[in-house]
file my_file-v8.txt (compact mmCIF, C-alpha atoms)
# COMPACT_ATOMS: atom_id res chain seq x y z
CA MET C 1 -62.14 -23.10 -12.94
CA GLN C 2 -58.97 -22.09 -11.08
CA VAL C 3 -59.44 -20.38 -7.69
CA VAL C 4 -56.69 -18.80 -5.58
CA SER C 5 -57.16 -17.53 -2.06
CA ASP C 6 -55.56 -15.28 0.48
CA SER C 7 -55.61 -16.20 4.17
CA ASP C 8 -58.35 -13.80 5.26
CA ILE C 9 -61.18 -15.55 3.41
CA LEU C 10 -59.94 -18.99 4.49
CA ILE C 11 -59.80 -17.98 8.14
CA HIS C 12 -63.34 -16.57 7.99
CA LEU C 13 -64.67 -19.72 6.29
CA ALA C 14 -62.83 -21.91 8.83
CA LYS C 15 -64.35 -19.93 11.73
CA LEU C 16 -67.77 -20.72 10.25
CA ASN C 17 -66.72 -24.32 9.56
CA GLU C 18 -67.59 -23.69 5.89
CA LEU C 19 -64.39 -24.47 3.96
CA LYS C 20 -66.52 -27.06 2.18
CA LEU C 21 -67.98 -24.14 0.18
CA ILE C 22 -64.67 -23.98 -1.70
CA LYS C 23 -65.07 -27.62 -2.66
CA LYS C 24 -68.62 -26.92 -3.88
CA LEU C 25 -67.48 -23.83 -5.80
CA SER C 26 -64.51 -25.25 -7.64
CA GLY C 27 -63.28 -28.48 -6.08
CA CYS C 28 -60.29 -26.77 -4.49
CA ALA C 29 -58.50 -23.46 -4.00
CA TYR C 30 -54.80 -22.90 -4.58
CA ILE C 31 -52.75 -21.04 -1.99
CA PRO C 32 -49.11 -20.01 -1.96
CA ARG C 33 -46.83 -21.69 0.61
CA TYR C 34 -46.37 -18.17 2.04
CA VAL C 35 -50.11 -17.99 2.89
CA GLU C 36 -50.06 -21.46 4.45
CA LEU C 37 -47.09 -20.53 6.65
CA GLU C 38 -48.64 -17.15 7.52
CA MET C 39 -51.79 -18.87 8.82
CA MET C 40 -49.77 -21.45 10.79
CA ARG C 41 -47.40 -18.83 12.28
CA CYS C 42 -50.26 -16.66 13.51
CA GLN C 43 -51.66 -19.61 15.46
CA TYR C 44 -55.28 -18.93 14.62
CA ASP C 45 -57.75 -21.16 16.46
CA GLU C 46 -58.74 -22.52 13.05
CA VAL C 47 -55.29 -23.90 12.16
CA GLY C 48 -56.46 -27.49 12.63
CA ILE C 49 -59.44 -26.95 10.31
CA ILE C 50 -57.18 -25.37 7.68
CA GLU C 51 -54.59 -28.17 7.99
CA ASP C 52 -57.41 -30.69 7.51
CA ALA C 53 -58.56 -28.87 4.36
CA ILE C 54 -55.01 -29.10 3.00
CA GLN C 55 -54.84 -32.81 3.81
CA ARG C 56 -58.21 -33.43 2.11
CA GLY C 57 -57.19 -31.48 -1.02
CA ILE C 58 -59.69 -28.66 -0.56
CA LEU C 59 -56.66 -26.34 -0.36
CA LYS C 60 -53.63 -27.03 -2.55
CA VAL C 61 -50.33 -25.40 -1.68
CA TYR C 62 -47.99 -24.05 -4.38
CA GLU C 63 -44.53 -22.56 -4.15
CA THR C 64 -44.12 -18.94 -5.26
CA GLU C 65 -41.09 -16.68 -5.63
CA ASP C 66 -40.41 -14.10 -2.90
CA SER C 67 -38.76 -11.73 -5.37
CA VAL C 68 -41.69 -11.86 -7.81
CA ALA C 69 -44.26 -11.47 -5.02
CA SER C 70 -42.31 -8.56 -3.55
CA SER C 71 -42.22 -6.82 -6.92
CA ILE C 72 -45.98 -7.31 -7.36
CA ALA C 73 -46.63 -6.05 -3.81
CA SER C 74 -44.57 -2.92 -4.47
CA ARG C 75 -46.22 -2.30 -7.84
CA TYR C 76 -49.76 -2.51 -6.45
CA GLY C 77 -49.12 -1.20 -2.92
CA ILE C 78 -50.32 -4.43 -1.29
CA HIS C 79 -49.01 -6.73 1.45
CA ILE C 80 -46.40 -9.31 0.44
CA GLY C 81 -48.89 -12.11 1.16
CA GLU C 82 -51.33 -10.69 -1.37
CA GLY C 83 -48.37 -10.35 -3.75
CA HIS C 84 -47.78 -14.10 -3.46
CA VAL C 85 -51.45 -14.83 -4.14
CA LYS C 86 -51.51 -12.50 -7.14
CA GLU C 87 -48.34 -14.15 -8.49
CA LEU C 88 -49.98 -17.57 -8.14
CA ALA C 89 -53.18 -16.29 -9.77
CA GLU C 90 -51.21 -15.05 -12.77
CA LYS C 91 -49.21 -18.29 -12.98
CA LEU C 92 -52.35 -20.48 -12.90
CA HIS C 93 -54.50 -18.10 -14.97
CA ALA C 94 -57.01 -18.18 -12.11
CA GLU C 95 -60.52 -16.98 -12.79
CA ILE C 96 -61.38 -16.32 -9.13
CA PHE C 97 -59.25 -14.52 -6.53
CA LEU C 98 -60.61 -14.84 -2.98
CA SER C 99 -59.58 -11.87 -0.85
CA ASN C 100 -61.22 -9.12 1.12
CA TYR C 101 -58.50 -6.70 -0.01
CA PRO C 102 -59.92 -4.67 -2.93
CA LEU C 103 -56.63 -3.94 -4.72
CA CYS C 104 -55.97 -7.66 -5.20
CA HIS C 105 -58.90 -8.45 -7.45
CA MET C 106 -57.98 -9.71 -10.87
CA THR C 107 -58.79 -7.91 -14.05
CA PRO C 108 -58.41 -9.38 -17.53
CA GLY C 109 -54.81 -9.10 -18.67
CA SER C 110 -53.47 -8.08 -15.26
call {"tool": "encode", "arguments": {"input": "my_file-v8.txt", "output": "structure tokens"}}
result
Amino acid sequence: MQVVSDSDILIHLAKLNELKLIKKLSGCAYIPRYVELEMMRCQYDEVGIIEDAIQRGILKVYETEDSVASSIASRYGIHIGEGHVKELAEKLHAEIFLSNYPLCHMTPGS
């Protein structure tokens, strides 16, 4: 089962020290490089926990295309970060999309 995630869910799980739930759910979650950099730039208190999850393979970072993500963001009226996650979800044929932003949820054939 392929799982992709936006930063919001990861930050909340890290605050609770519960990123291990991702490992229990699916082994790992895939995130775009954009999301990784977004979390690191914002200097959340949980950056160390998130970096550790990347090192341990709970989070796996993938490259995405800015132009594709921008097009998706414009089409759906979402933030560019969510556009990157949606692009990755489509690329990986992900079954689960972790986000608290309702317009990002996947539908069959989207």
call {"tool": "residues_near_point", "arguments": {"input": "my_file-v8.txt", "point": "(-44.9, -24.1, -3.6)", "cutoff": "7 Å", "atoms": "all atoms listed in the file", "output": "PyMOL selection string"}}
result
chain C and resi 32-33+61-64
call {"tool": "residues_around", "arguments": {"input": "my_file-v8.txt", "residues": "range 7-16 of chain C", "least_positions_apart": "5", "cutoff": "12 Å", "atoms": "all atoms listed in the file", "output": "PDB file with C-alpha atoms, in the frame of the given file"}}
result
ATOM      1  CA  LEU C  21     -67.980 -24.140   0.180  1.00  0.00           C
ATOM      2  CA  ILE C  22     -64.670 -23.980  -1.700  1.00  0.00           C
ATOM      3  CA  LYS C  23     -65.070 -27.620  -2.660  1.00  0.00           C
ATOM      4  CA  CYS C  28     -60.290 -26.770  -4.490  1.00  0.00           C
ATOM      5  CA  ALA C  29     -58.500 -23.460  -4.000  1.00  0.00           C
ATOM      6  CA  TYR C  30     -54.800 -22.900  -4.580  1.00  0.00           C
ATOM      7  CA  ILE C  31     -52.750 -21.040  -1.990  1.00  0.00           C
ATOM      8  CA  PRO C  32     -49.110 -20.010  -1.960  1.00  0.00           C
ATOM      9  CA  ARG C  33     -46.830 -21.690   0.610  1.00  0.00           C
ATOM     10  CA  TYR C  34     -46.370 -18.170   2.040  1.00  0.00           C
ATOM     11  CA  VAL C  35     -50.110 -17.990   2.890  1.00  0.00           C
ATOM     12  CA  GLU C  36     -50.060 -21.460   4.450  1.00  0.00           C
ATOM     13  CA  LEU C  37     -47.090 -20.530   6.650  1.00  0.00           C
ATOM     14  CA  GLU C  38     -48.640 -17.150   7.520  1.00  0.00           C
ATOM     15  CA  MET C  39     -51.790 -18.870   8.820  1.00  0.00           C
ATOM     16  CA  MET C  40     -49.770 -21.450  10.790  1.00  0.00           C
ATOM     17  CA  ARG C  41     -47.400 -18.830  12.280  1.00  0.00           C
ATOM     18  CA  CYS C  42     -50.260 -16.660  13.510  1.00  0.00           C
ATOM     19  CA  GLN C  43     -51.660 -19.610  15.460  1.00  0.00           C
ATOM     20  CA  TYR C  44     -55.280 -18.930  14.620  1.00  0.00           C
ATOM     21  CA  ASP C  45     -57.750 -21.160  16.460  1.00  0.00           C
ATOM     22  CA  GLU C  46     -58.740 -22.520  13.050  1.00  0.00           C
ATOM     23  CA  VAL C  47     -55.290 -23.900  12.160  1.00  0.00           C
ATOM     24  CA  GLY C  48     -56.460 -27.490  12.630  1.00  0.00           C
ATOM     25  CA  ILE C  49     -59.440 -26.950  10.310  1.00  0.00           C
ATOM     26  CA  ILE C  50     -57.180 -25.370   7.680  1.00  0.00           C
ATOM     27  CA  GLU C  51     -54.590 -28.170   7.990  1.00  0.00           C
ATOM     28  CA  ASP C  52     -57.410 -30.690   7.510  1.00  0.00           C
ATOM     29  CA  ALA C  53     -58.560 -28.870   4.360  1.00  0.00           C
ATOM     30  CA  ILE C  54     -55.010 -29.100   3.000  1.00  0.00           C
ATOM     31  CA  ILE C  58     -59.690 -28.660  -0.560  1.00  0.00           C
ATOM     32  CA  LEU C  59     -56.660 -26.340  -0.360  1.00  0.00           C
ATOM     33  CA  HIS C  79     -49.010  -6.730   1.450  1.00  0.00           C
ATOM     34  CA  GLY C  81     -48.890 -12.110   1.160  1.00  0.00           C
ATOM     35  CA  GLU C  82     -51.330 -10.690  -1.370  1.00  0.00           C
ATOM     36  CA  HIS C  84     -47.780 -14.100  -3.460  1.00  0.00           C
ATOM     37  CA  VAL C  85     -51.450 -14.830  -4.140  1.00  0.00           C
ATOM     38  CA  PHE C  97     -59.250 -14.520  -6.530  1.00  0.00           C
ATOM     39  CA  LEU C  98     -60.610 -14.840  -2.980  1.00  0.00           C
ATOM     40  CA  SER C  99     -59.580 -11.870  -0.850  1.00  0.00           C
ATOM     41  CA  ASN C 100     -61.220  -9.120   1.120  1.00  0.00           C
ATOM     42  CA  TYR C 101     -58.500  -6.700  -0.010  1.00  0.00           C
TER      43      TYR C 101
END
call {"tool": "closest_residue", "arguments": {"input": "my_file-v8.txt", "among": "C:Glu87, C:Ser5, C:Ala94, C:Gly77", "to": "Lys60 in chain C", "atoms": "only C-alpha atoms"}}
result
C:Ser5
call {"tool": "axis_aligned_box", "arguments": {"input": "my_file-v8.txt", "around": "range 86-92 of chain C", "padding_each_side": "3 Å", "output": "AutoDock Vina command-line options"}}
result
--center_x -50.8 --center_y -16.5 --center_z -10.1 --size_x 10.8 --size_y 14.0 --size_z 11.8
call {"tool": "atom_distance", "arguments": {"input": "my_file-v8.txt", "atom1": "CA of Leu92 in chain C", "atom2": "CA of Glu65 in chain C"}}
result
13.9 Å
call {"tool": "atom_distance", "arguments": {"input": "my_file-v8.txt", "atom1": "CA of Lys86 in chain C", "atom2": "CA of Asp6 in chain C"}}
result
9.1 Å
call {"tool": "atom_distance", "arguments": {"input": "my_file-v8.txt", "atom1": "CA of Ala73 in chain C", "atom2": "CA of Leu88 in chain C"}}
result
12.8 Å
call {"tool": "residues_around", "arguments": {"input": "my_file-v8.txt", "residues": "His93 in chain C", "least_positions_apart": "3", "cutoff": "8 Å", "atoms": "only C-alpha atoms", "output": "ChimeraX atom specification"}}
result
/C:2,89-90
call {"tool": "closest_residue", "arguments": {"input": "my_file-v8.txt", "among": "C:Arg56, C:Glu95, C:Ser67, C:Ile72", "to": "Leu19 in chain C", "atoms": "all atoms listed in the file"}}
result
C:Arg56
call {"tool": "closest_residue", "arguments": {"input": "my_file-v8.txt", "among": "C:Lys20, C:Val4, C:Ile96, C:Gln55", "to": "Gly83 in chain C", "atoms": "only C-alpha atoms"}}
result
C:Val4
call {"tool": "decode", "arguments": {"input": "my_file-v8.txt", "residues": "range 19-69 of chain C", "atoms": "C-alpha atoms", "output": "PDB file, in the first residue's frame"}}
result
ATOM      1  CA  LEU C  19       5.464   8.884  13.551  1.00  0.00           C
ATOM      2  CA  LYS C  20       5.788   5.170  14.256  1.00  0.00           C
ATOM      3  CA  LEU C  21       2.069   4.925  13.371  1.00  0.00           C
ATOM      4  CA  ILE C  22       3.071   5.420   9.725  1.00  0.00           C
ATOM      5  CA  LYS C  23       5.394   2.444   9.984  1.00  0.00           C
ATOM      6  CA  LYS C  24       2.569   0.361  11.486  1.00  0.00           C
ATOM      7  CA  LEU C  25       0.112   1.528   8.810  1.00  0.00           C
ATOM      8  CA  SER C  26       2.187   0.951   5.713  1.00  0.00           C
ATOM      9  CA  GLY C  27       5.875   0.620   6.502  1.00  0.00           C
ATOM     10  CA  CYS C  28       6.636   4.114   5.229  1.00  0.00           C
ATOM     11  CA  ALA C  29       5.143   7.264   3.738  1.00  0.00           C
ATOM     12  CA  TYR C  30       6.466   9.030   0.657  1.00  0.00           C
ATOM     13  CA  ILE C  31       6.943  12.786   0.704  1.00  0.00           C
ATOM     14  CA  PRO C  32       8.067  15.192  -1.991  1.00  0.00           C
ATOM     15  CA  ARG C  33      11.422  16.941  -1.504  1.00  0.00           C
ATOM     16  CA  TYR C  34       9.383  20.177  -1.447  1.00  0.00           C
ATOM     17  CA  VAL C  35       7.558  19.011   1.715  1.00  0.00           C
ATOM     18  CA  GLU C  36      10.818  17.963   3.377  1.00  0.00           C
ATOM     19  CA  LEU C  37      12.380  21.369   2.670  1.00  0.00           C
ATOM     20  CA  GLU C  38       9.198  23.176   3.761  1.00  0.00           C
ATOM     21  CA  MET C  39       9.322  21.456   7.164  1.00  0.00           C
ATOM     22  CA  MET C  40      13.052  22.154   7.575  1.00  0.00           C
ATOM     23  CA  ARG C  41      12.735  25.826   6.504  1.00  0.00           C
ATOM     24  CA  CYS C  42       9.934  26.516   8.968  1.00  0.00           C
ATOM     25  CA  GLN C  43      12.153  25.320  11.820  1.00  0.00           C
ATOM     26  CA  TYR C  44       9.441  23.420  13.638  1.00  0.00           C
ATOM     27  CA  ASP C  45      10.489  22.072  17.032  1.00  0.00           C
ATOM     28  CA  GLU C  46       9.911  18.603  15.588  1.00  0.00           C
ATOM     29  CA  VAL C  47      12.513  18.891  12.806  1.00  0.00           C
ATOM     30  CA  GLY C  48      14.867  16.479  14.583  1.00  0.00           C
ATOM     31  CA  ILE C  49      12.113  13.867  14.952  1.00  0.00           C
ATOM     32  CA  ILE C  50      11.195  14.229  11.271  1.00  0.00           C
ATOM     33  CA  GLU C  51      14.848  14.016  10.172  1.00  0.00           C
ATOM     34  CA  ASP C  52      15.191  10.842  12.248  1.00  0.00           C
ATOM     35  CA  ALA C  53      12.116   9.349  10.545  1.00  0.00           C
ATOM     36  CA  ILE C  54      13.714  10.074   7.158  1.00  0.00           C
ATOM     37  CA  GLN C  55      16.982   8.467   8.259  1.00  0.00           C
ATOM     38  CA  ARG C  56      15.134   5.366   9.533  1.00  0.00           C
ATOM     39  CA  GLY C  57      13.112   5.027   6.304  1.00  0.00           C
ATOM     40  CA  ILE C  58       9.729   5.787   7.866  1.00  0.00           C
ATOM     41  CA  LEU C  59       9.577   8.769   5.494  1.00  0.00           C
ATOM     42  CA  LYS C  60      10.990   8.432   1.984  1.00  0.00           C
ATOM     43  CA  VAL C  61      11.733  11.566  -0.009  1.00  0.00           C
ATOM     44  CA  TYR C  62      11.020  11.790  -3.751  1.00  0.00           C
ATOM     45  CA  GLU C  63      11.752  14.505  -6.263  1.00  0.00           C
ATOM     46  CA  THR C  64       8.762  16.150  -7.954  1.00  0.00           C
ATOM     47  CA  GLU C  65       8.470  18.738 -10.721  1.00  0.00           C
ATOM     48  CA  ASP C  66       7.704  22.350  -9.761  1.00  0.00           C
ATOM     49  CA  SER C  67       5.899  22.990 -13.041  1.00  0.00           C
ATOM     50  CA  VAL C  68       3.654  19.928 -12.669  1.00  0.00           C
ATOM     51  CA  ALA C  69       2.916  20.689  -9.009  1.00  0.00           C
TER      52      ALA C  69
END
